[in-house]
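Coordinates from target_1.cif are shown below (mmCIF, C-alpha atoms and all ligand atoms).
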```
data_my_file
loop_
_atom_site.group_PDB
_atom_site.id
_atom_site.type_symbol
_atom_site.label_atom_id
_atom_site.label_comp_id
_atom_site.auth_asym_id
_atom_site.auth_seq_id
_atom_site.Cartn_x
_atom_site.Cartn_y
_atom_site.Cartn_z
ATOM 1 C CA MET Y 27 -20.417 21.294 0.589
ATOM 2 C CA ILE Y 28 -20.161 17.861 2.273
ATOM 3 C CA GLU Y 29 -21.502 17.731 5.809
ATOM 4 C CA ILE Y 30 -21.034 14.644 7.971
ATOM 5 C CA GLN Y 31 -23.004 14.636 11.219
ATOM 6 C CA ASN Y 32 -22.885 12.166 14.108
ATOM 7 C CA VAL Y 33 -21.912 9.243 11.891
ATOM 8 C CA HIS Y 34 -21.375 5.843 13.485
ATOM 9 C CA LYS Y 35 -20.435 2.487 11.988
ATOM 10 C CA ARG Y 36 -19.849 -0.722 13.917
ATOM 11 C CA PHE Y 37 -18.518 -4.108 12.800
ATOM 12 C CA LYS Y 38 -19.403 -6.493 15.633
ATOM 13 C CA ALA Y 39 -17.088 -5.385 18.475
ATOM 14 C CA VAL Y 40 -15.265 -2.744 16.394
ATOM 15 C CA HIS Y 41 -16.569 0.818 16.518
ATOM 16 C CA ALA Y 42 -15.029 1.762 13.161
ATOM 17 C CA LEU Y 43 -16.663 5.218 12.999
ATOM 18 C CA ASN Y 44 -17.402 6.803 16.355
ATOM 19 C CA ASN Y 45 -19.440 9.984 16.066
ATOM 20 C CA ILE Y 46 -17.796 11.565 13.037
ATOM 21 C CA ASN Y 47 -18.575 15.232 12.387
ATOM 22 C CA LEU Y 48 -16.901 17.023 9.493
ATOM 23 C CA LYS Y 49 -17.690 19.833 7.073
ATOM 24 C CA LEU Y 50 -15.697 19.692 3.861
ATOM 25 C CA GLU Y 51 -15.302 22.554 1.376
ATOM 26 C CA PRO Y 52 -13.645 22.458 -2.057
ATOM 27 C CA GLY Y 53 -9.880 21.970 -1.813
ATOM 28 C CA LEU Y 54 -7.500 19.203 -0.875
ATOM 29 C CA PHE Y 55 -8.396 17.656 2.473
ATOM 30 C CA GLY Y 56 -5.992 15.233 4.167
ATOM 31 C CA LEU Y 57 -7.285 12.432 6.384
ATOM 32 C CA LEU Y 58 -4.306 11.234 8.394
ATOM 33 C CA GLY Y 59 -4.350 8.210 10.663
ATOM 34 C CA PRO Y 60 -2.699 4.860 11.410
ATOM 35 C CA ASN Y 61 -3.898 1.524 10.063
ATOM 36 C CA GLY Y 62 -7.259 0.579 11.522
ATOM 37 C CA ALA Y 63 -8.228 4.182 12.323
ATOM 38 C CA GLY Y 64 -11.359 3.984 10.168
ATOM 39 C CA LYS Y 65 -10.215 5.999 7.135
ATOM 40 C CA SER Y 66 -11.330 3.476 4.505
ATOM 41 C CA THR Y 67 -14.632 2.933 6.291
ATOM 42 C CA LEU Y 68 -15.293 6.679 6.221
ATOM 43 C CA MET Y 69 -14.353 6.905 2.547
ATOM 44 C CA ARG Y 70 -16.499 3.939 1.549
ATOM 45 C CA THR Y 71 -19.373 5.517 3.438
ATOM 46 C CA LEU Y 72 -18.875 8.831 1.619
ATOM 47 C CA ALA Y 73 -18.665 6.934 -1.670
ATOM 48 C CA THR Y 74 -22.070 5.368 -0.809
ATOM 49 C CA LEU Y 75 -20.673 1.829 -0.956
ATOM 50 C CA GLN Y 76 -21.615 1.347 2.682
ATOM 51 C CA GLU Y 77 -24.337 2.873 4.861
ATOM 52 C CA PRO Y 78 -23.661 4.368 8.277
ATOM 53 C CA ASP Y 79 -25.480 2.792 11.253
ATOM 54 C CA GLU Y 80 -26.357 6.266 12.521
ATOM 55 C CA GLY Y 81 -25.951 9.866 11.437
ATOM 56 C CA THR Y 82 -26.399 11.884 8.273
ATOM 57 C CA ILE Y 83 -24.225 12.876 5.334
ATOM 58 C CA THR Y 84 -25.309 15.612 2.955
ATOM 59 C CA LEU Y 85 -23.854 16.898 -0.289
ATOM 60 C CA ASN Y 86 -24.964 20.482 -0.952
ATOM 61 C CA GLY Y 87 -27.911 19.826 1.333
ATOM 62 C CA THR Y 88 -29.006 16.497 -0.216
ATOM 63 C CA ASP Y 89 -28.913 13.395 1.990
ATOM 64 C CA ILE Y 90 -26.580 10.943 0.200
ATOM 65 C CA VAL Y 91 -27.601 7.939 2.308
ATOM 66 C CA LYS Y 92 -31.208 8.317 1.159
ATOM 67 C CA ASN Y 93 -30.151 9.540 -2.305
ATOM 68 C CA PRO Y 94 -26.894 7.749 -3.150
ATOM 69 C CA ASP Y 95 -27.195 8.745 -6.821
ATOM 70 C CA SER Y 96 -26.780 12.401 -5.863
ATOM 71 C CA MET Y 97 -23.228 11.510 -4.741
ATOM 72 C CA ARG Y 98 -22.495 8.863 -7.376
ATOM 73 C CA ARG Y 99 -23.220 11.310 -10.215
ATOM 74 C CA VAL Y 100 -20.436 13.646 -9.085
ATOM 75 C CA LEU Y 101 -18.012 11.163 -7.503
ATOM 76 C CA GLY Y 102 -14.604 9.892 -8.543
ATOM 77 C CA TYR Y 103 -13.220 7.206 -6.251
ATOM 78 C CA LEU Y 104 -9.890 5.422 -6.058
ATOM 79 C CA PRO Y 105 -10.234 2.605 -3.514
ATOM 80 C CA GLN Y 106 -7.292 1.469 -1.390
ATOM 81 C CA ASP Y 107 -7.262 -1.870 -3.179
ATOM 82 C CA PHE Y 108 -7.909 -0.798 -6.770
ATOM 83 C CA GLY Y 109 -7.032 -4.082 -8.407
ATOM 84 C CA VAL Y 110 -7.873 -3.783 -12.085
ATOM 85 C CA TYR Y 111 -4.699 -4.523 -14.029
ATOM 86 C CA PRO Y 112 -5.721 -6.470 -17.105
ATOM 87 C CA ARG Y 113 -3.636 -7.192 -20.172
ATOM 88 C CA ILE Y 114 -5.271 -4.481 -22.234
ATOM 89 C CA SER Y 115 -3.819 -1.051 -22.923
ATOM 90 C CA GLY Y 116 -4.309 1.900 -20.590
ATOM 91 C CA GLU Y 117 -6.204 3.747 -23.289
ATOM 92 C CA ASP Y 118 -8.609 0.874 -23.964
ATOM 93 C CA LEU Y 119 -9.239 0.245 -20.261
ATOM 94 C CA LEU Y 120 -9.917 3.921 -19.589
ATOM 95 C CA ASP Y 121 -12.289 4.014 -22.559
ATOM 96 C CA HIS Y 122 -14.058 0.923 -21.210
ATOM 97 C CA ILE Y 123 -14.474 2.455 -17.737
ATOM 98 C CA ALA Y 124 -15.734 5.663 -19.357
ATOM 99 C CA VAL Y 125 -18.479 3.664 -21.106
ATOM 100 C CA LEU Y 126 -19.441 2.109 -17.762
ATOM 101 C CA LYS Y 127 -19.618 5.611 -16.283
ATOM 102 C CA GLY Y 128 -22.119 6.602 -18.963
ATOM 103 C CA LEU Y 129 -19.925 8.641 -21.320
ATOM 104 C CA HIS Y 130 -21.663 7.418 -24.454
ATOM 105 C CA ASN Y 131 -20.497 9.928 -27.060
ATOM 106 C CA LYS Y 132 -17.532 8.226 -28.687
ATOM 107 C CA LYS Y 133 -15.733 11.364 -29.849
ATOM 108 C CA GLU Y 134 -16.096 13.184 -26.518
ATOM 109 C CA ARG Y 135 -15.066 10.044 -24.671
ATOM 110 C CA ARG Y 136 -11.905 9.668 -26.699
ATOM 111 C CA GLU Y 137 -11.000 13.320 -26.179
ATOM 112 C CA GLN Y 138 -11.459 12.989 -22.447
ATOM 113 C CA VAL Y 139 -9.518 9.721 -22.238
ATOM 114 C CA LEU Y 140 -6.563 11.204 -24.119
ATOM 115 C CA ALA Y 141 -6.649 14.423 -22.084
ATOM 116 C CA LEU Y 142 -6.655 12.468 -18.817
ATOM 117 C CA LEU Y 143 -3.821 10.194 -19.935
ATOM 118 C CA GLU Y 144 -1.852 13.354 -20.713
ATOM 119 C CA GLN Y 145 -2.749 14.911 -17.356
ATOM 120 C CA VAL Y 146 -1.504 11.870 -15.415
ATOM 121 C CA ASN Y 147 1.577 11.634 -17.586
ATOM 122 C CA LEU Y 148 0.754 8.289 -19.190
ATOM 123 C CA THR Y 149 0.489 9.364 -22.822
ATOM 124 C CA LYS Y 150 3.759 7.609 -23.589
ATOM 125 C CA HIS Y 151 2.410 4.378 -22.083
ATOM 126 C CA LYS Y 152 -1.178 4.559 -23.326
ATOM 127 C CA SER Y 153 -0.744 1.595 -25.694
ATOM 128 C CA ALA Y 154 1.051 -0.596 -23.131
ATOM 129 C CA ALA Y 155 -0.842 -3.206 -21.091
ATOM 130 C CA VAL Y 156 -1.925 -1.933 -17.673
ATOM 131 C CA ALA Y 157 -0.712 -5.251 -16.228
ATOM 132 C CA GLY Y 158 2.849 -4.131 -16.918
ATOM 133 C CA TYR Y 159 2.549 -0.677 -15.260
ATOM 134 C CA SER Y 160 4.735 0.173 -12.243
ATOM 135 C CA GLY Y 161 3.124 0.969 -8.883
ATOM 136 C CA GLY Y 162 3.249 4.698 -9.560
ATOM 137 C CA MET Y 163 1.819 4.321 -13.047
ATOM 138 C CA ARG Y 164 -1.023 2.191 -11.680
ATOM 139 C CA GLN Y 165 -1.889 4.813 -9.072
ATOM 140 C CA ARG Y 166 -1.820 7.573 -11.682
ATOM 141 C CA PHE Y 167 -4.011 5.414 -13.902
ATOM 142 C CA GLY Y 168 -6.300 4.948 -10.888
ATOM 143 C CA VAL Y 169 -6.652 8.710 -10.566
ATOM 144 C CA ALA Y 170 -7.334 9.043 -14.282
ATOM 145 C CA GLN Y 171 -10.232 6.576 -14.026
ATOM 146 C CA ALA Y 172 -11.488 8.409 -10.917
ATOM 147 C CA MET Y 173 -11.421 11.734 -12.795
ATOM 148 C CA LEU Y 174 -13.452 10.545 -15.791
ATOM 149 C CA GLY Y 175 -16.549 12.689 -16.144
ATOM 150 C CA ASN Y 176 -14.922 15.585 -14.220
ATOM 151 C CA PRO Y 177 -16.220 14.661 -10.739
ATOM 152 C CA LYS Y 178 -16.935 17.394 -8.180
ATOM 153 C CA VAL Y 179 -15.889 15.037 -5.364
ATOM 154 C CA LEU Y 180 -12.678 13.028 -5.636
ATOM 155 C CA ILE Y 181 -11.887 10.428 -2.973
ATOM 156 C CA VAL Y 182 -8.489 8.710 -3.001
ATOM 157 C CA ASP Y 183 -7.742 6.118 -0.322
ATOM 158 C CA GLU Y 184 -4.055 5.684 0.635
ATOM 159 C CA PRO Y 185 -2.850 6.297 -2.918
ATOM 160 C CA THR Y 186 0.817 6.804 -1.991
ATOM 161 C CA ALA Y 187 1.306 3.537 -0.086
ATOM 162 C CA GLY Y 188 4.012 1.500 -1.793
ATOM 163 C CA LEU Y 189 5.220 4.263 -4.112
ATOM 164 C CA ASP Y 190 8.885 5.247 -4.251
ATOM 165 C CA PRO Y 191 9.676 8.893 -3.333
ATOM 166 C CA PHE Y 192 9.788 10.056 -6.958
ATOM 167 C CA GLU Y 193 6.506 8.381 -7.915
ATOM 168 C CA ARG Y 194 4.929 9.645 -4.695
ATOM 169 C CA GLN Y 195 5.844 13.265 -5.418
ATOM 170 C CA ARG Y 196 4.592 12.993 -8.976
ATOM 171 C CA PHE Y 197 1.326 11.565 -7.724
ATOM 172 C CA LEU Y 198 0.860 14.292 -5.100
ATOM 173 C CA ASP Y 199 1.615 17.011 -7.674
ATOM 174 C CA LEU Y 200 -1.077 15.521 -9.849
ATOM 175 C CA LEU Y 201 -3.622 15.707 -7.038
ATOM 176 C CA SER Y 202 -2.779 19.294 -6.180
ATOM 177 C CA GLU Y 203 -3.330 20.235 -9.825
ATOM 178 C CA ALA Y 204 -6.623 18.354 -10.034
ATOM 179 C CA GLY Y 205 -8.629 21.489 -9.468
ATOM 180 C CA GLU Y 206 -9.531 23.842 -6.669
ATOM 181 C CA GLU Y 207 -13.238 23.627 -7.321
ATOM 182 C CA LYS Y 208 -13.363 19.937 -6.347
ATOM 183 C CA VAL Y 209 -13.639 18.485 -2.873
ATOM 184 C CA ILE Y 210 -10.616 16.147 -2.830
ATOM 185 C CA ILE Y 211 -10.245 13.794 0.117
ATOM 186 C CA LEU Y 212 -6.885 12.054 0.446
ATOM 187 C CA SER Y 213 -6.335 9.458 3.152
ATOM 188 C CA THR Y 214 -2.869 8.465 4.249
ATOM 189 C CA HIS Y 215 -0.825 7.219 7.193
ATOM 190 C CA ILE Y 216 2.176 9.236 5.959
ATOM 191 C CA VAL Y 217 2.563 12.644 7.581
ATOM 192 C CA GLU Y 218 4.571 14.120 4.692
ATOM 193 C CA ASP Y 219 1.688 13.452 2.287
ATOM 194 C CA VAL Y 220 -0.484 16.027 4.016
ATOM 195 C CA ARG Y 221 2.204 18.398 5.287
ATOM 196 C CA ASP Y 222 3.107 20.148 2.061
ATOM 197 C CA LEU Y 223 -0.118 19.759 0.181
ATOM 198 C CA CYS Y 224 -3.274 20.021 2.244
ATOM 199 C CA THR Y 225 -4.652 23.313 3.466
ATOM 200 C CA ASP Y 226 -7.076 21.447 5.680
ATOM 201 C CA MET Y 227 -6.745 18.101 7.430
ATOM 202 C CA ALA Y 228 -8.044 15.840 10.158
ATOM 203 C CA ILE Y 229 -6.299 13.306 12.328
ATOM 204 C CA MET Y 230 -8.217 10.086 12.850
ATOM 205 C CA GLY Y 231 -7.569 7.408 15.455
ATOM 206 C CA ASP Y 232 -9.709 4.528 16.715
ATOM 207 C CA GLY Y 233 -12.772 5.602 14.765
ATOM 208 C CA GLU Y 234 -12.677 9.195 15.993
ATOM 209 C CA ILE Y 235 -11.600 12.524 14.524
ATOM 210 C CA VAL Y 236 -9.128 13.665 17.180
ATOM 211 C CA ALA Y 237 -8.072 16.938 15.531
ATOM 212 C CA ARG Y 238 -9.087 19.143 12.632
ATOM 213 C CA GLY Y 239 -7.562 22.208 11.004
ATOM 214 C CA ALA Y 240 -4.795 23.524 8.804
ATOM 215 C CA PRO Y 241 -1.450 21.761 9.358
ATOM 216 C CA GLU Y 242 0.113 25.010 10.694
ATOM 217 C CA ALA Y 243 -2.771 25.454 13.112
ATOM 218 C CA LEU Y 244 -2.305 21.940 14.520
ATOM 219 C CA ILE Y 245 1.415 22.597 14.893
ATOM 220 C CA GLY Y 246 0.622 25.953 16.526
ATOM 221 C CA LYS Y 247 -1.247 24.176 19.316
ATOM 222 C CA ILE Y 248 1.979 22.608 20.618
ATOM 223 C CA LYS Y 249 4.208 25.644 20.104
ATOM 224 C CA ASN Y 250 6.753 26.082 22.917
ATOM 225 C CA SER Y 251 5.856 22.632 24.301
ATOM 226 C CA VAL Y 252 8.138 20.276 22.370
ATOM 227 C CA TRP Y 253 11.534 19.281 23.763
ATOM 228 C CA ARG Y 254 14.150 16.960 22.318
ATOM 229 C CA LYS Y 255 17.107 15.086 23.706
ATOM 230 C CA THR Y 256 19.523 12.595 22.173
ATOM 231 C CA VAL Y 257 19.983 9.587 24.463
ATOM 232 C CA GLU Y 258 21.351 6.040 24.422
ATOM 233 C CA LYS Y 259 18.854 3.318 23.491
ATOM 234 C CA PRO Y 260 18.543 1.786 26.994
ATOM 235 C CA ASP Y 261 17.461 5.172 28.433
ATOM 236 C CA VAL Y 262 14.343 5.440 26.252
ATOM 237 C CA ASP Y 263 12.013 3.279 28.361
ATOM 238 C CA GLY Y 264 12.738 5.302 31.503
ATOM 239 C CA LEU Y 265 11.869 8.529 29.680
ATOM 240 C CA LYS Y 266 8.632 7.005 28.374
ATOM 241 C CA ASP Y 267 7.599 6.189 31.971
ATOM 242 C CA LYS Y 268 8.230 9.733 33.185
ATOM 243 C CA HIS Y 269 7.217 11.969 30.279
ATOM 244 C CA LYS Y 270 4.693 12.429 27.458
ATOM 245 C CA VAL Y 271 6.890 11.026 24.701
ATOM 246 C CA LEU Y 272 5.670 12.060 21.224
ATOM 247 C CA GLN Y 273 8.143 10.128 19.138
ATOM 248 C CA THR Y 274 11.541 8.482 19.166
ATOM 249 C CA ARG Y 275 13.820 8.534 16.171
ATOM 250 C CA LEU Y 276 17.027 6.629 15.565
ATOM 251 C CA MET Y 277 19.920 8.884 14.683
ATOM 252 C CA MET Y 278 23.389 7.474 14.072
ATOM 253 C CA GLY Y 279 23.062 4.749 16.683
ATOM 254 C CA LYS Y 280 21.427 7.000 19.275
ATOM 255 C CA VAL Y 281 17.797 7.964 19.819
ATOM 256 C CA VAL Y 282 16.257 11.427 19.587
ATOM 257 C CA VAL Y 283 13.364 11.532 22.038
ATOM 258 C CA SER Y 284 10.663 14.194 21.607
ATOM 259 C CA VAL Y 285 8.603 15.074 24.664
ATOM 260 C CA LEU Y 286 5.521 17.254 25.114
ATOM 261 C CA SER Y 287 5.808 19.461 28.185
ATOM 262 C CA ASP Y 288 5.019 23.040 29.255
ATOM 263 C CA ALA Y 289 8.398 23.326 30.957
ATOM 264 C CA LYS Y 290 11.811 21.753 30.394
ATOM 265 C CA PRO Y 291 11.249 18.059 31.256
ATOM 266 C CA GLU Y 292 14.729 17.449 32.669
ATOM 267 C CA ALA Y 293 18.398 18.269 32.150
ATOM 268 C CA GLY Y 294 19.629 17.816 28.606
ATOM 269 C CA PHE Y 295 16.334 18.527 26.820
ATOM 270 C CA GLU Y 296 16.371 21.431 24.369
ATOM 271 C CA ALA Y 297 13.324 23.406 23.255
ATOM 272 C CA ALA Y 298 12.465 22.341 19.689
ATOM 273 C CA ASP Y 299 10.448 23.706 16.797
ATOM 274 C CA PRO Y 300 7.389 21.453 16.629
ATOM 275 C CA ASN Y 301 6.667 19.724 13.319
ATOM 276 C CA LEU Y 302 3.514 18.096 11.959
ATOM 277 C CA GLU Y 303 4.684 14.680 13.155
ATOM 278 C CA ASP Y 304 4.829 16.010 16.726
ATOM 279 C CA ALA Y 305 1.339 17.445 16.324
ATOM 280 C CA TYR Y 306 0.094 14.169 14.832
ATOM 281 C CA PHE Y 307 1.287 12.096 17.787
ATOM 282 C CA ALA Y 308 0.203 14.674 20.379
ATOM 283 C CA HIS Y 309 -3.367 14.469 19.062
ATOM 284 C CA LEU Y 310 -3.395 10.772 18.218
ATOM 285 C CA TYR Y 311 -2.239 9.797 21.729
ATOM 286 C CA LYS Y 312 -4.553 12.465 23.205
ATOM 287 C CA LEU Y 313 -1.677 14.141 25.029
ATOM 288 C CA ILE Y 314 -3.261 17.589 24.597
HETATM 289 N N1 LIG H 401 -16.088 -5.095 6.462
HETATM 290 C C1 LIG H 401 -15.548 -5.111 7.679
HETATM 291 N N2 LIG H 401 -15.846 -6.116 8.553
HETATM 292 C C2 LIG H 401 -15.330 -6.131 9.806
HETATM 293 N N3 LIG H 401 -14.494 -5.197 10.283
HETATM 294 C C3 LIG H 401 -14.139 -4.196 9.468
HETATM 295 C C4 LIG H 401 -14.647 -4.095 8.134
HETATM 296 N N4 LIG H 401 -14.130 -2.975 7.557
HETATM 297 C C5 LIG H 401 -13.344 -2.412 8.493
HETATM 298 N N5 LIG H 401 -13.328 -3.138 9.637
HETATM 299 C C6 LIG H 401 -12.610 -2.784 10.874
HETATM 300 O O1 LIG H 401 -12.846 -1.417 11.153
HETATM 301 C C7 LIG H 401 -11.654 -0.788 11.617
HETATM 302 C C8 LIG H 401 -11.301 0.362 10.702
HETATM 303 O O2 LIG H 401 -10.833 -0.176 9.450
HETATM 304 P P1 LIG H 401 -10.490 0.724 8.192
HETATM 305 O O3 LIG H 401 -11.632 1.649 7.942
HETATM 306 O O4 LIG H 401 -10.079 -0.180 7.101
HETATM 307 O O5 LIG H 401 -9.244 1.569 8.749
HETATM 308 P P2 LIG H 401 -8.058 2.303 7.943
HETATM 309 O O6 LIG H 401 -8.500 2.461 6.534
HETATM 310 O O7 LIG H 401 -7.859 3.594 8.670
HETATM 311 O O8 LIG H 401 -6.854 1.411 8.059
HETATM 312 C C9 LIG H 401 -10.601 -1.876 11.706
HETATM 313 O O9 LIG H 401 -10.583 -2.371 13.018
HETATM 314 C C10 LIG H 401 -11.101 -2.923 10.722
HETATM 315 O O10 LIG H 401 -10.654 -4.197 11.085
HETATM 316 MG MG MG H 402 -7.615 1.952 4.796
#
```

Would you mind writing the file out in structure tokens?
Amino acid sequence: MIEIQNVHKRFKAVHALNNINLKLEPGLFGLLGPNGAGKSTLMRTLATLQEPDEGTITLNGTDIVKNPDSMRRVLGYLPQDFGVYPRISGEDLLDHIAVLKGLHNKKERREQVLALLEQVNLTKHKSAAVAGYSGGMRQRFGVAQAMLGNPKVLIVDEPTAGLDPFERQRFLDLLSEAGEEKVIILSTHIVEDVRDLCTDMAIMGDGEIVARGAPEALIGKIKNSVWRKTVEKPDVDGLKDKHKVLQTRLMMGKVVVSVLSDAKPEAGFEAADPNLEDAYFAHLYKLI
């Protein structure tokens, strides 16, 4: 449905998008990567707010760089820095945004606004000022505004950053219910966001897509190659010099070191079941 081919974007010395190639079908797609990876640049480019320097992006065969309206007509977008929190009620603000999006029939608009407020669980707070919403309520409001007009493509950029665990789960549930017929692209630097939810994902680092596939498939690639050992803190640096260390995790004053290796790295390491975090670091650091 969306096809990204050989896309590049540079900002002076920074190669923010370095030869991106992706085909996206309807469903929830997770774009996982650390800060500075290029996630927001890719999403802004897909949202036609920015043009690529090179490459093509098509939506059902139509070039969206040449025809940005073909994307804008079907797009809902929640930017990373959605900053509209005025002192008017959630219902009034949503109605206002709906007018800007071209929903001119007052009755239909009101029905859609109320249905969306219900869907994102804000009915109780629809008359309260958006300025007073909590972080989670703001993000759910952000999704409601993105879903006005029933978009076929929904792009949400780091929506879970800053949410507490309860708000985060509620937000992710909302996305997974948003509809299987939409292409939903969720960017995040949090592995758990994609682990339970996305059937398809990509790992992005330094402007490149370094891995692509279902979470289980990415984990499958490092099966039988992950080893863990609990060590004292001063021993960690020595292990990092000798082995492909995936991650280190503090555990009750000690450190659990995870290493990628075909064979047992050294005495004391136990074979471990790989998780998505292991797979994330293995690809991000290009260890496989
Ligand atoms: N408008 C811009 N001007 C200059 N550099 C930018 C601009 N937008 C992004 N960058 C740079 O491009 C890289 C990727 O940024 P970004 O797409 O925001 O990554 P992410 O969203 O994954 O954190 C970073 O090095 C960032 O500093
Ligand atoms: Mg970003």

### Task
Convert the output of the PyMOL selection byres (((not hetatm)) within 6 of (chain H and resi 401)) on the shown file into explicit residues, formatted as a VMD selection string.
chain Y and resid 37 40 42 60 to 67

Please tabulate, as a tab-separated table, the residues of segment 99-212 of chain Y that come within 8 Å of segment 71-74 of chain Y, each with its closest pair of atoms and the distance in Å to one decimal, counting all atoms listed in the file and ordering rows by chain, then residue number upward.
```
residue	atom	partner	partner_atom	distance
Y:Leu101	CA	Y:Ala73	CA	7.2
Y:Tyr103	CA	Y:Ala73	CA	7.1
Y:Ile181	CA	Y:Ala73	CA	7.7
```

### Task
Tell me, as a list in words, which residues lie within 12 Å of Asp219 of chain Y, counting all atoms listed in the file; anything in the same chain fewer than 6 positions away does not count.
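Answer for this query is Leu54, Phe55, Gly56, Leu57, Leu58, Gly59, Glu184, Pro185, Thr186, Ala187, Leu189, Pro191, Arg194, Gln195, Arg196, Phe197, Leu198, Asp199, Leu201, Ser202, Leu212, Ser213, Thr225, Met227, Pro241, Leu302 and Glu303 of chain Y.
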
### Task
Evaluate the PyMOL selection byres (((chain Y and resi 249) around 10) and not hetatm) here and jot the selected residues down as a list of chain:residue names.
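Checking the PyMOL selection byres (((chain Y and resi 249) around 10) and not hetatm) against this file, the residues are Y:Ala243, Y:Leu244, Y:Ile245, Y:Gly246, Y:Lys247, Y:Ile248, Y:Asn250, Y:Ser251, Y:Val252, Y:Leu286, Y:Asp288, Y:Ala297, Y:Ala298, Y:Asp299, Y:Pro300, Y:Asn301, Y:Ala305.
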
### Task
Would you write out, as JSON, numbers by chain, every residue that the PyMOL selection byres (((chain Y and resi 173) around 10) and not hetatm) captures in this file?
{"Y": [100, 101, 102, 103, 104, 124, 138, 139, 142, 167, 168, 169, 170, 171, 172, 174, 175, 176, 177, 178, 179, 180, 181, 204]}

The centre and edge lengths of an axis-aligned box containing all atoms of segment 126-138 of chain Y present in the file, extended by 6 Å on each side, are to be given in Å to one decimal, as lines of an AutoDock Vina configuration file.
```
center_x = -16.6
center_y = 7.7
center_z = -23.1
size_x = 23.1
size_y = 23.2
size_z = 25.6
```

Output segment 35-51 of chain Y as a PDB file, keeping the file's coordinate frame, making sure N, CA and C atoms are there.
```
ATOM      1  N   LYS Y  35     -20.410   3.768  12.690  1.00  0.00           N
ATOM      2  CA  LYS Y  35     -20.435   2.487  11.988  1.00  0.00           C
ATOM      3  C   LYS Y  35     -19.753   1.437  12.876  1.00  0.00           C
ATOM      4  N   ARG Y  36     -20.430   0.348  13.089  1.00  0.00           N
ATOM      5  CA  ARG Y  36     -19.849  -0.722  13.917  1.00  0.00           C
ATOM      6  C   ARG Y  36     -19.750  -2.007  13.107  1.00  0.00           C
ATOM      7  N   PHE Y  37     -18.648  -2.743  13.321  1.00  0.00           N
ATOM      8  CA  PHE Y  37     -18.518  -4.108  12.800  1.00  0.00           C
ATOM      9  C   PHE Y  37     -18.366  -5.012  14.012  1.00  0.00           C
ATOM     10  N   LYS Y  38     -19.436  -5.685  14.404  1.00  0.00           N
ATOM     11  CA  LYS Y  38     -19.403  -6.493  15.633  1.00  0.00           C
ATOM     12  C   LYS Y  38     -18.811  -5.679  16.782  1.00  0.00           C
ATOM     13  N   ALA Y  39     -17.643  -6.089  17.306  1.00  0.00           N
ATOM     14  CA  ALA Y  39     -17.088  -5.385  18.475  1.00  0.00           C
ATOM     15  C   ALA Y  39     -16.360  -4.101  18.103  1.00  0.00           C
ATOM     16  N   VAL Y  40     -16.085  -3.892  16.798  1.00  0.00           N
ATOM     17  CA  VAL Y  40     -15.265  -2.744  16.394  1.00  0.00           C
ATOM     18  C   VAL Y  40     -16.144  -1.524  16.095  1.00  0.00           C
ATOM     19  N   HIS Y  41     -15.860  -0.432  16.786  1.00  0.00           N
ATOM     20  CA  HIS Y  41     -16.569   0.818  16.518  1.00  0.00           C
ATOM     21  C   HIS Y  41     -15.742   1.591  15.494  1.00  0.00           C
ATOM     22  N   ALA Y  42     -15.921   1.262  14.220  1.00  0.00           N
ATOM     23  CA  ALA Y  42     -15.029   1.762  13.161  1.00  0.00           C
ATOM     24  C   ALA Y  42     -15.194   3.265  12.932  1.00  0.00           C
ATOM     25  N   LEU Y  43     -16.423   3.768  13.076  1.00  0.00           N
ATOM     26  CA  LEU Y  43     -16.663   5.218  12.999  1.00  0.00           C
ATOM     27  C   LEU Y  43     -17.440   5.610  14.246  1.00  0.00           C
ATOM     28  N   ASN Y  44     -16.826   6.462  15.063  1.00  0.00           N
ATOM     29  CA  ASN Y  44     -17.402   6.803  16.355  1.00  0.00           C
ATOM     30  C   ASN Y  44     -17.727   8.289  16.414  1.00  0.00           C
ATOM     31  N   ASN Y  45     -18.954   8.611  16.003  1.00  0.00           N
ATOM     32  CA  ASN Y  45     -19.440   9.984  16.066  1.00  0.00           C
ATOM     33  C   ASN Y  45     -18.594  10.958  15.242  1.00  0.00           C
ATOM     34  N   ILE Y  46     -18.563  10.706  13.944  1.00  0.00           N
ATOM     35  CA  ILE Y  46     -17.796  11.565  13.037  1.00  0.00           C
ATOM     36  C   ILE Y  46     -18.612  12.797  12.654  1.00  0.00           C
ATOM     37  N   ASN Y  47     -17.981  13.961  12.801  1.00  0.00           N
ATOM     38  CA  ASN Y  47     -18.575  15.232  12.387  1.00  0.00           C
ATOM     39  C   ASN Y  47     -17.528  16.001  11.590  1.00  0.00           C
ATOM     40  N   LEU Y  48     -17.852  16.299  10.333  1.00  0.00           N
ATOM     41  CA  LEU Y  48     -16.901  17.023   9.493  1.00  0.00           C
ATOM     42  C   LEU Y  48     -17.657  17.829   8.456  1.00  0.00           C
ATOM     43  N   LYS Y  49     -17.179  19.049   8.208  1.00  0.00           N
ATOM     44  CA  LYS Y  49     -17.690  19.833   7.073  1.00  0.00           C
ATOM     45  C   LYS Y  49     -16.544  19.993   6.104  1.00  0.00           C
ATOM     46  N   LEU Y  50     -16.772  19.628   4.847  1.00  0.00           N
ATOM     47  CA  LEU Y  50     -15.697  19.692   3.861  1.00  0.00           C
ATOM     48  C   LEU Y  50     -16.055  20.646   2.723  1.00  0.00           C
ATOM     49  N   GLU Y  51     -15.143  21.573   2.454  1.00  0.00           N
ATOM     50  CA  GLU Y  51     -15.302  22.554   1.376  1.00  0.00           C
ATOM     51  C   GLU Y  51     -14.383  22.154   0.216  1.00  0.00           C
TER      52      GLU Y  51
END
```
